[in-house]
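Here's structure_25.pdb, which has PDB, C-alpha atoms:
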ATOM      1  CA  MET P 551      -0.962  72.407   3.429  1.00  0.00           C
ATOM      2  CA  ASN P 552       1.034  73.053   6.600  1.00  0.00           C
ATOM      3  CA  PHE P 553       0.410  69.901   8.670  1.00  0.00           C
ATOM      4  CA  ILE P 554       0.733  70.845  12.353  1.00  0.00           C
ATOM      5  CA  TYR P 555       1.926  68.088  14.659  1.00  0.00           C
ATOM      6  CA  ALA P 556       0.581  67.197  18.089  1.00  0.00           C
ATOM      7  CA  GLU P 557       3.346  68.754  20.176  1.00  0.00           C
ATOM      8  CA  GLU P 558       2.764  72.139  18.570  1.00  0.00           C
ATOM      9  CA  LEU P 559      -1.016  71.889  18.847  1.00  0.00           C
ATOM     10  CA  LYS P 560      -0.803  71.190  22.585  1.00  0.00           C
ATOM     11  CA  LYS P 561       0.893  74.558  23.026  1.00  0.00           C
ATOM     12  CA  THR P 562      -2.143  76.297  21.538  1.00  0.00           C
ATOM     13  CA  PHE P 563      -5.148  74.366  22.849  1.00  0.00           C
ATOM     14  CA  ASP P 564      -6.503  72.942  26.093  1.00  0.00           C
ATOM     15  CA  ILE P 565      -8.782  69.896  26.093  1.00  0.00           C
ATOM     16  CA  TYR P 566     -11.527  69.069  28.606  1.00  0.00           C
ATOM     17  CA  GLY P 567     -13.962  66.198  28.854  1.00  0.00           C
ATOM     18  CA  HIS P 568     -16.737  64.754  31.004  1.00  0.00           C
ATOM     19  CA  PHE P 569     -15.936  61.182  32.008  1.00  0.00           C
ATOM     20  CA  TYR P 570     -18.374  58.907  33.805  1.00  0.00           C
ATOM     21  CA  ASN P 571     -19.119  55.231  34.328  1.00  0.00           C
ATOM     22  CA  LEU P 572     -22.558  53.938  33.398  1.00  0.00           C
ATOM     23  CA  LYS P 573     -23.868  51.013  35.443  1.00  0.00           C
ATOM     24  CA  LEU P 574     -26.239  48.719  33.580  1.00  0.00           C
ATOM     25  CA  SER P 575     -27.262  45.606  35.471  1.00  0.00           C
ATOM     26  CA  ASN P 576     -24.005  44.300  36.994  1.00  0.00           C
ATOM     27  CA  SER P 577     -21.783  45.843  34.331  1.00  0.00           C
ATOM     28  CA  VAL P 578     -20.001  49.206  34.446  1.00  0.00           C
ATOM     29  CA  LEU P 579     -19.336  50.876  31.099  1.00  0.00           C
ATOM     30  CA  ARG P 580     -16.495  53.386  30.771  1.00  0.00           C
ATOM     31  CA  SER P 581     -17.993  56.460  29.134  1.00  0.00           C
ATOM     32  CA  ARG P 582     -17.363  60.059  28.146  1.00  0.00           C
ATOM     33  CA  SER P 583     -19.981  62.467  26.884  1.00  0.00           C
ATOM     34  CA  ILE P 584     -18.775  65.878  25.753  1.00  0.00           C
ATOM     35  CA  LEU P 585     -15.253  66.936  24.907  1.00  0.00           C
ATOM     36  CA  GLU P 586     -14.246  70.576  24.489  1.00  0.00           C
ATOM     37  CA  ILE P 587     -11.206  71.996  22.734  1.00  0.00           C
ATOM     38  CA  ARG P 588     -10.405  75.568  23.732  1.00  0.00           C
ATOM     39  CA  ARG P 589      -7.735  77.941  22.557  1.00  0.00           C
ATOM     40  CA  LYS P 590      -5.535  78.876  25.499  1.00  0.00           C
ATOM     41  CA  SER P 591      -6.405  82.164  27.259  1.00  0.00           C
ATOM     42  CA  LYS P 592      -9.710  82.475  25.359  1.00  0.00           C
ATOM     43  CA  THR P 593     -13.007  82.314  27.247  1.00  0.00           C
ATOM     44  CA  SER P 594     -15.687  81.820  24.592  1.00  0.00           C
ATOM     45  CA  MET P 595     -18.961  80.628  26.112  1.00  0.00           C
ATOM     46  CA  LEU P 596     -20.473  79.447  22.835  1.00  0.00           C
ATOM     47  CA  ALA P 597     -18.778  76.947  20.537  1.00  0.00           C
ATOM     48  CA  ASP P 598     -17.741  78.086  17.075  1.00  0.00           C
ATOM     49  CA  ILE P 599     -18.967  74.789  15.639  1.00  0.00           C
ATOM     50  CA  ILE P 600     -19.971  71.288  16.780  1.00  0.00           C
ATOM     51  CA  VAL P 601     -18.272  68.091  15.612  1.00  0.00           C
ATOM     52  CA  ILE P 602     -19.974  64.719  16.022  1.00  0.00           C
ATOM     53  CA  MET P 603     -17.965  61.500  15.814  1.00  0.00           C
ATOM     54  CA  MET P 604     -18.529  57.812  16.448  1.00  0.00           C
ATOM     55  CA  ASN P 605     -17.403  57.340  20.059  1.00  0.00           C
ATOM     56  CA  PRO P 606     -14.812  58.820  22.434  1.00  0.00           C
ATOM     57  CA  GLY P 607     -11.923  56.674  21.216  1.00  0.00           C
ATOM     58  CA  SER P 608      -8.777  56.578  23.315  1.00  0.00           C
ATOM     59  CA  SER P 609      -8.760  59.989  25.004  1.00  0.00           C
ATOM     60  CA  ILE P 610      -8.409  59.697  28.786  1.00  0.00           C
ATOM     61  CA  PRO P 611      -8.341  61.998  31.835  1.00  0.00           C
ATOM     62  CA  LEU P 612      -5.042  63.828  32.136  1.00  0.00           C
ATOM     63  CA  ASP P 613      -4.938  62.911  35.822  1.00  0.00           C
ATOM     64  CA  LYS P 614      -4.273  59.170  35.880  1.00  0.00           C
ATOM     65  CA  LYS P 615      -5.661  58.987  39.426  1.00  0.00           C
ATOM     66  CA  TYR P 616      -9.017  60.483  38.446  1.00  0.00           C
ATOM     67  CA  SER P 617     -11.923  58.155  39.168  1.00  0.00           C
ATOM     68  CA  PRO P 618     -15.116  58.932  37.198  1.00  0.00           C
ATOM     69  CA  LYS P 619     -18.409  58.854  39.061  1.00  0.00           C
ATOM     70  CA  ILE P 620     -20.642  55.825  38.601  1.00  0.00           C
ATOM     71  CA  PHE P 621     -24.235  56.501  37.548  1.00  0.00           C
ATOM     72  CA  SER P 622     -27.204  54.239  37.061  1.00  0.00           C
ATOM     73  CA  LYS P 623     -29.208  55.042  33.941  1.00  0.00           C
ATOM     74  CA  LYS P 624     -31.780  56.952  35.995  1.00  0.00           C
ATOM     75  CA  GLU P 625     -29.101  58.863  37.890  1.00  0.00           C
ATOM     76  CA  TYR P 626     -27.355  59.880  34.675  1.00  0.00           C
ATOM     77  CA  PHE P 627     -30.575  61.159  33.128  1.00  0.00           C
ATOM     78  CA  GLN P 628     -31.259  63.219  36.264  1.00  0.00           C
ATOM     79  CA  ASN P 629     -27.722  64.565  36.584  1.00  0.00           C
ATOM     80  CA  LYS P 630     -27.782  68.274  35.745  1.00  0.00           C
ATOM     81  CA  THR P 631     -24.098  69.076  36.135  1.00  0.00           C
ATOM     82  CA  LYS P 632     -21.104  67.682  34.305  1.00  0.00           C
ATOM     83  CA  GLU P 633     -17.654  67.663  35.816  1.00  0.00           C
ATOM     84  CA  ILE P 634     -15.324  68.819  33.019  1.00  0.00           C
ATOM     85  CA  ILE P 635     -11.695  67.859  33.570  1.00  0.00           C
ATOM     86  CA  PRO P 636      -8.410  68.234  31.637  1.00  0.00           C
ATOM     87  CA  THR P 637      -8.117  65.470  29.076  1.00  0.00           C
ATOM     88  CA  ARG P 638      -5.372  63.859  27.042  1.00  0.00           C
ATOM     89  CA  PRO P 639      -6.424  64.066  23.387  1.00  0.00           C
ATOM     90  CA  ASP P 640      -6.192  61.375  20.734  1.00  0.00           C
ATOM     91  CA  ASN P 641      -5.428  61.653  17.014  1.00  0.00           C
ATOM     92  CA  ALA P 642      -8.985  62.581  16.054  1.00  0.00           C
ATOM     93  CA  GLN P 643      -8.950  65.591  18.366  1.00  0.00           C
ATOM     94  CA  TYR P 644      -5.594  66.765  17.024  1.00  0.00           C
ATOM     95  CA  GLN P 645      -7.187  66.682  13.590  1.00  0.00           C
ATOM     96  CA  ILE P 646      -9.962  68.992  14.787  1.00  0.00           C
ATOM     97  CA  MET P 647      -7.339  71.317  16.274  1.00  0.00           C
ATOM     98  CA  ARG P 648      -5.752  71.589  12.819  1.00  0.00           C
ATOM     99  CA  LEU P 649      -9.125  72.656  11.466  1.00  0.00           C
ATOM    100  CA  MET P 650      -9.445  75.171  14.293  1.00  0.00           C
ATOM    101  CA  GLN P 651      -6.129  76.707  13.286  1.00  0.00           C
ATOM    102  CA  ILE P 652      -7.256  77.055   9.690  1.00  0.00           C
ATOM    103  CA  TYR P 653     -10.439  78.922  10.693  1.00  0.00           C
ATOM    104  CA  ASN P 654      -9.070  80.593  13.825  1.00  0.00           C
ATOM    105  CA  TRP P 655     -11.799  79.006  15.942  1.00  0.00           C
ATOM    106  CA  ASN P 656     -11.435  79.398  19.700  1.00  0.00           C
ATOM    107  CA  PHE P 657     -13.839  76.738  20.951  1.00  0.00           C
ATOM    108  CA  VAL P 658     -15.094  73.515  19.398  1.00  0.00           C
ATOM    109  CA  ARG P 659     -17.263  70.972  21.171  1.00  0.00           C
ATOM    110  CA  ILE P 660     -17.014  67.321  20.142  1.00  0.00           C
ATOM    111  CA  LEU P 661     -19.941  64.988  20.753  1.00  0.00           C
ATOM    112  CA  ASN P 662     -20.214  61.294  19.968  1.00  0.00           C
ATOM    113  CA  LEU P 663     -23.117  59.166  18.833  1.00  0.00           C
ATOM    114  CA  SER P 664     -22.161  56.769  21.636  1.00  0.00           C
ATOM    115  CA  ASP P 665     -20.370  57.607  24.888  1.00  0.00           C
ATOM    116  CA  LEU P 666     -18.683  54.194  25.156  1.00  0.00           C
ATOM    117  CA  ARG P 667     -14.927  54.670  25.438  1.00  0.00           C
ATOM    118  CA  ASN P 668     -13.059  52.328  23.126  1.00  0.00           C
ATOM    119  CA  GLY P 669     -10.286  53.260  20.708  1.00  0.00           C
ATOM    120  CA  ASN P 670     -10.731  50.147  18.543  1.00  0.00           C
ATOM    121  CA  SER P 671     -13.750  50.317  16.228  1.00  0.00           C
ATOM    122  CA  GLY P 672     -14.171  46.547  16.049  1.00  0.00           C
ATOM    123  CA  LYS P 673     -14.062  46.150  19.826  1.00  0.00           C
ATOM    124  CA  PHE P 674     -16.380  49.133  20.152  1.00  0.00           C
ATOM    125  CA  GLN P 675     -18.977  47.355  18.011  1.00  0.00           C
ATOM    126  CA  THR P 676     -18.733  44.299  20.239  1.00  0.00           C
ATOM    127  CA  GLU P 677     -19.050  46.448  23.360  1.00  0.00           C
ATOM    128  CA  PHE P 678     -22.040  48.243  21.835  1.00  0.00           C
ATOM    129  CA  ARG P 679     -23.819  44.952  21.136  1.00  0.00           C
ATOM    130  CA  ASN P 680     -23.062  43.698  24.649  1.00  0.00           C
ATOM    131  CA  ALA P 681     -24.450  46.934  26.102  1.00  0.00           C
ATOM    132  CA  MET P 682     -27.636  46.431  24.070  1.00  0.00           C
ATOM    133  CA  LYS P 683     -28.142  43.085  25.777  1.00  0.00           C
ATOM    134  CA  LEU P 684     -28.096  44.916  29.096  1.00  0.00           C
ATOM    135  CA  ASP P 685     -30.386  47.750  27.929  1.00  0.00           C
ATOM    136  CA  ASN P 686     -31.601  47.896  24.340  1.00  0.00           C
ATOM    137  CA  SER P 687     -32.609  51.562  24.669  1.00  0.00           C
ATOM    138  CA  ASN P 688     -28.888  52.464  24.459  1.00  0.00           C
ATOM    139  CA  PRO P 689     -28.729  55.112  27.223  1.00  0.00           C
ATOM    140  CA  HIS P 690     -25.065  55.731  26.351  1.00  0.00           C
ATOM    141  CA  CYS P 691     -26.181  57.269  23.037  1.00  0.00           C
ATOM    142  CA  ILE P 692     -26.517  61.058  22.914  1.00  0.00           C
ATOM    143  CA  THR P 693     -29.732  60.641  20.898  1.00  0.00           C
ATOM    144  CA  HIS P 694     -31.563  58.641  23.602  1.00  0.00           C
ATOM    145  CA  ILE P 695     -35.011  60.165  24.123  1.00  0.00           C
ATOM    146  CA  LYS P 696     -34.261  60.917  27.799  1.00  0.00           C
ATOM    147  CA  ARG P 697     -31.154  62.868  26.725  1.00  0.00           C
ATOM    148  CA  LYS P 698     -33.035  65.175  24.388  1.00  0.00           C
ATOM    149  CA  LYS P 699     -32.393  68.315  26.458  1.00  0.00           C
ATOM    150  CA  GLU P 700     -28.740  67.386  26.940  1.00  0.00           C
ATOM    151  CA  LEU P 701     -28.325  67.050  23.179  1.00  0.00           C
ATOM    152  CA  SER P 702     -30.191  70.302  22.536  1.00  0.00           C
ATOM    153  CA  ASP P 703     -27.943  72.194  24.955  1.00  0.00           C
ATOM    154  CA  CYS P 704     -24.710  70.625  23.705  1.00  0.00           C
ATOM    155  CA  ILE P 705     -25.216  71.294  19.988  1.00  0.00           C
ATOM    156  CA  LYS P 706     -25.649  75.050  20.354  1.00  0.00           C
ATOM    157  CA  SER P 707     -23.015  76.974  18.409  1.00  0.00           C
ATOM    158  CA  LYS P 708     -22.344  80.338  16.800  1.00  0.00           C
ATOM    159  CA  ASN P 709     -23.113  79.144  13.283  1.00  0.00           C
ATOM    160  CA  ASN P 710     -25.753  76.442  13.929  1.00  0.00           C
ATOM    161  CA  LYS P 711     -23.636  73.918  11.995  1.00  0.00           C
ATOM    162  CA  ILE P 712     -22.491  70.367  12.716  1.00  0.00           C
ATOM    163  CA  ILE P 713     -19.501  68.632  11.172  1.00  0.00           C
ATOM    164  CA  ALA P 714     -20.496  64.978  10.780  1.00  0.00           C
ATOM    165  CA  ALA P 715     -17.461  62.684  11.005  1.00  0.00           C
ATOM    166  CA  TRP P 716     -18.801  59.487  12.551  1.00  0.00           C
ATOM    167  CA  GLY P 717     -17.648  56.988   9.937  1.00  0.00           C
ATOM    168  CA  ASN P 718     -19.593  53.879   9.017  1.00  0.00           C
ATOM    169  CA  ILE P 719     -20.767  51.740  11.931  1.00  0.00           C
ATOM    170  CA  ALA P 720     -24.012  49.807  11.470  1.00  0.00           C
ATOM    171  CA  GLU P 721     -24.835  49.883  15.186  1.00  0.00           C
ATOM    172  CA  LEU P 722     -24.887  53.694  15.130  1.00  0.00           C
ATOM    173  CA  LYS P 723     -27.091  54.165  12.085  1.00  0.00           C
ATOM    174  CA  GLU P 724     -30.218  54.898  14.129  1.00  0.00           C
ATOM    175  CA  SER P 725     -28.443  57.568  16.194  1.00  0.00           C
ATOM    176  CA  ALA P 726     -26.882  59.117  13.083  1.00  0.00           C
ATOM    177  CA  GLU P 727     -30.314  59.408  11.475  1.00  0.00           C
ATOM    178  CA  VAL P 728     -31.581  61.317  14.511  1.00  0.00           C
ATOM    179  CA  ILE P 729     -28.769  63.855  14.136  1.00  0.00           C
ATOM    180  CA  LEU P 730     -29.477  64.294  10.424  1.00  0.00           C
ATOM    181  CA  LYS P 731     -33.095  65.168  11.203  1.00  0.00           C
ATOM    182  CA  LEU P 732     -32.161  68.017  13.551  1.00  0.00           C
ATOM    183  CA  ASN P 733     -32.675  71.606  12.462  1.00  0.00           C
ATOM    184  CA  LYS P 734     -28.961  72.071  11.838  1.00  0.00           C
ATOM    185  CA  LYS P 735     -26.735  72.470   8.808  1.00  0.00           C
ATOM    186  CA  ILE P 736     -24.841  69.181   8.453  1.00  0.00           C
ATOM    187  CA  ILE P 737     -21.367  69.388   6.918  1.00  0.00           C
ATOM    188  CA  GLY P 738     -19.366  66.281   6.110  1.00  0.00           C
ATOM    189  CA  LEU P 739     -17.744  64.078   3.510  1.00  0.00           C
ATOM    190  CA  LYS P 740     -20.292  61.462   2.491  1.00  0.00           C
ATOM    191  CA  ASN P 741     -19.056  57.907   2.702  1.00  0.00           C
ATOM    192  CA  GLY P 742     -21.313  55.638   0.674  1.00  0.00           C
ATOM    193  CA  ASN P 743     -24.930  55.403   1.703  1.00  0.00           C
ATOM    194  CA  ARG P 744     -26.766  57.638   4.178  1.00  0.00           C
ATOM    195  CA  PRO P 745     -26.091  58.278   7.021  1.00  0.00           C
ATOM    196  CA  ASN P 746     -22.355  57.610   6.698  1.00  0.00           C
ATOM    197  CA  PHE P 747     -19.700  60.344   6.721  1.00  0.00           C
ATOM    198  CA  ARG P 748     -15.948  59.913   6.505  1.00  0.00           C
ATOM    199  CA  TYR P 749     -14.073  59.747   9.775  1.00  0.00           C
ATOM    200  CA  ALA P 750     -12.061  62.890  10.522  1.00  0.00           C
ATOM    201  CA  SER P 751      -8.772  61.184  11.339  1.00  0.00           C
ATOM    202  CA  PRO P 752      -7.840  58.275   9.056  1.00  0.00           C
ATOM    203  CA  TYR P 753      -4.645  56.378   9.803  1.00  0.00           C
ATOM    204  CA  MET P 754      -2.253  57.796   7.211  1.00  0.00           C
ATOM    205  CA  LYS P 755      -0.981  61.381   7.217  1.00  0.00           C
ATOM    206  CA  LYS P 756      -1.825  61.924   3.543  1.00  0.00           C
ATOM    207  CA  GLN P 757      -5.394  60.814   4.236  1.00  0.00           C
ATOM    208  CA  LYS P 758      -5.632  63.216   7.154  1.00  0.00           C
ATOM    209  CA  ILE P 759      -4.509  66.047   4.872  1.00  0.00           C
ATOM    210  CA  GLU P 760      -7.016  64.956   2.239  1.00  0.00           C
ATOM    211  CA  TRP P 761      -9.860  65.078   4.788  1.00  0.00           C
ATOM    212  CA  LEU P 762      -8.785  68.553   5.926  1.00  0.00           C
ATOM    213  CA  LYS P 763      -8.692  69.876   2.368  1.00  0.00           C
ATOM    214  CA  LYS P 764     -12.061  68.404   1.417  1.00  0.00           C
ATOM    215  CA  ILE P 765     -13.862  69.420   4.607  1.00  0.00           C
ATOM    216  CA  GLN P 766     -12.665  72.991   4.057  1.00  0.00           C
ATOM    217  CA  LYS P 767     -14.443  73.029   0.706  1.00  0.00           C
ATOM    218  CA  GLU P 768     -17.626  71.805   2.375  1.00  0.00           C
ATOM    219  CA  ILE P 769     -17.376  74.400   5.129  1.00  0.00           C
ATOM    220  CA  ASN P 770     -16.693  77.217   2.675  1.00  0.00           C
ATOM    221  CA  ASN P 771     -19.659  76.190   0.513  1.00  0.00           C
ATOM    222  CA  ASN P 772     -22.050  76.052   3.453  1.00  0.00           C
TER
END
Would you write out, as structure tokens, the structure that this file holds?
Amino acid sequence: MNFIYAEELKKTFDIYGHFYNLKLSNSVLRSRSILEIRRKSKTSMLADIIVIMMNPGSSIPLDKKYSPKIFSKKEYFQNKTKEIIPTRPDNAQYQIMRLMQIYNWNFVRILNLSDLRNGNSGKFQTEFRNAMKLDNSNPHCITHIKRKKELSDCIKSKNNKIIAAWGNIAELKESAEVILKLNKKIIGLKNGNRPNFRYASPYMKKQKIEWLKKIQKEINNN
């Protein structure tokens, strides 16, 4: 397999995300909901496919001076527009770009089970548990009941399929189960017990290549 590196991928794709800060009680949680990867000079309105991962990881606004808006839970639920800005990708998004090259996709939308921005999975779990103490309904989760329309709008794609790549995080099991019950074709590499699926971008290059090869088989068979 021809493994394409980040510098080359950045010449082909643009990345955009919606960043916001969620205020719960006296705490402000750094968050990002959707992320879109688009092939340069292409204007597709509908995503080729949807990818759902654990949380936003370490991607950040390209403009270091950008200050995301702060929303209360109620304000976020009522917010009808999302400011989409240029975003610096992380390793997981480069991995999706490699898949886009293989299938010549022009537009992929990435969602996360949780919007909490944290590139360390262990620290993310701690942050998730702390957020639950502030509001145990988990409004930062895309599957929150008050975000039902948002989820419905965001998962629309040309092929009605979702690539599940959210790993194995106990705190996200409930949200993952909601996704699996949607009327969508779920594609992923199972990782132990339901509802776990292998993360798209493991640490080592050979593991990244392995994921790409195996997910292709799943896509081709579905």
Pick from P:Asn746, P:Asn710, P:Ser581, P:Asn552, whichever lies nearest to Tyr626 in chain P using all atoms listed in the file: P:Ser581
Which residues would end up in the selection if the PyMOL selection byres ((chain P and resi 563-570) around 6) were applied here, given that I need the answer as a ChimeraX atom specification? /P:560,562,571,581-590,618-619,633-637
Written as a PyMOL selection string, what is the full residue list that the PyMOL selection byres ((chain P and resi 715-726) around 7) yields on the file shown? chain P and resi 602-604+663+675+693+713-714+727-730+738+745-750
Give as a PyMOL selection string each residue that has an atom at most 12 Å from (-30.9, 62.5, 35.8) in the file, counting all atoms listed in the file. chain P and resi 621-632+689+696-700
Contacts of Leu762 in chain P at 7 Å or less, counting all atoms listed in the file, minus same-chain residues fewer than 4 places along, as an MDAnalysis selection string? chainID P and resid 649 758 766
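Among the candidate residues P:Leu739, P:Cys704, P:Leu579, P:Met551, the one lying nearest to Gln651 in chain P is P:Met551, with distances computed using all atoms listed in the file.
Between Asn656 in chain P and the residues P:Glu760, P:Glu557, P:Asp598, P:Glu768, the shortest atom-to-atom distance, using all atoms listed in the file, involves P:Asp598.
Using only C-alpha atoms, the smallest distance between any of P:Leu574, P:Ala681, P:Met754, P:Ile600 and Ser702 in chain P comes from P:Ile600.
Relative to CA of His690 in chain P, CA of Arg659 in chain P is found at 17.9 Å.
Proximity ranking of P:Val601, P:Leu666, P:Val578, P:Leu559 relative to Arg679 in chain P places P:Leu666 first, based on only C-alpha atoms.
Across P:Phe657, P:Trp761, P:Phe674, P:Phe553, the tightest approach to Lys706 in chain P is made by P:Phe657 when counting all atoms listed in the file.
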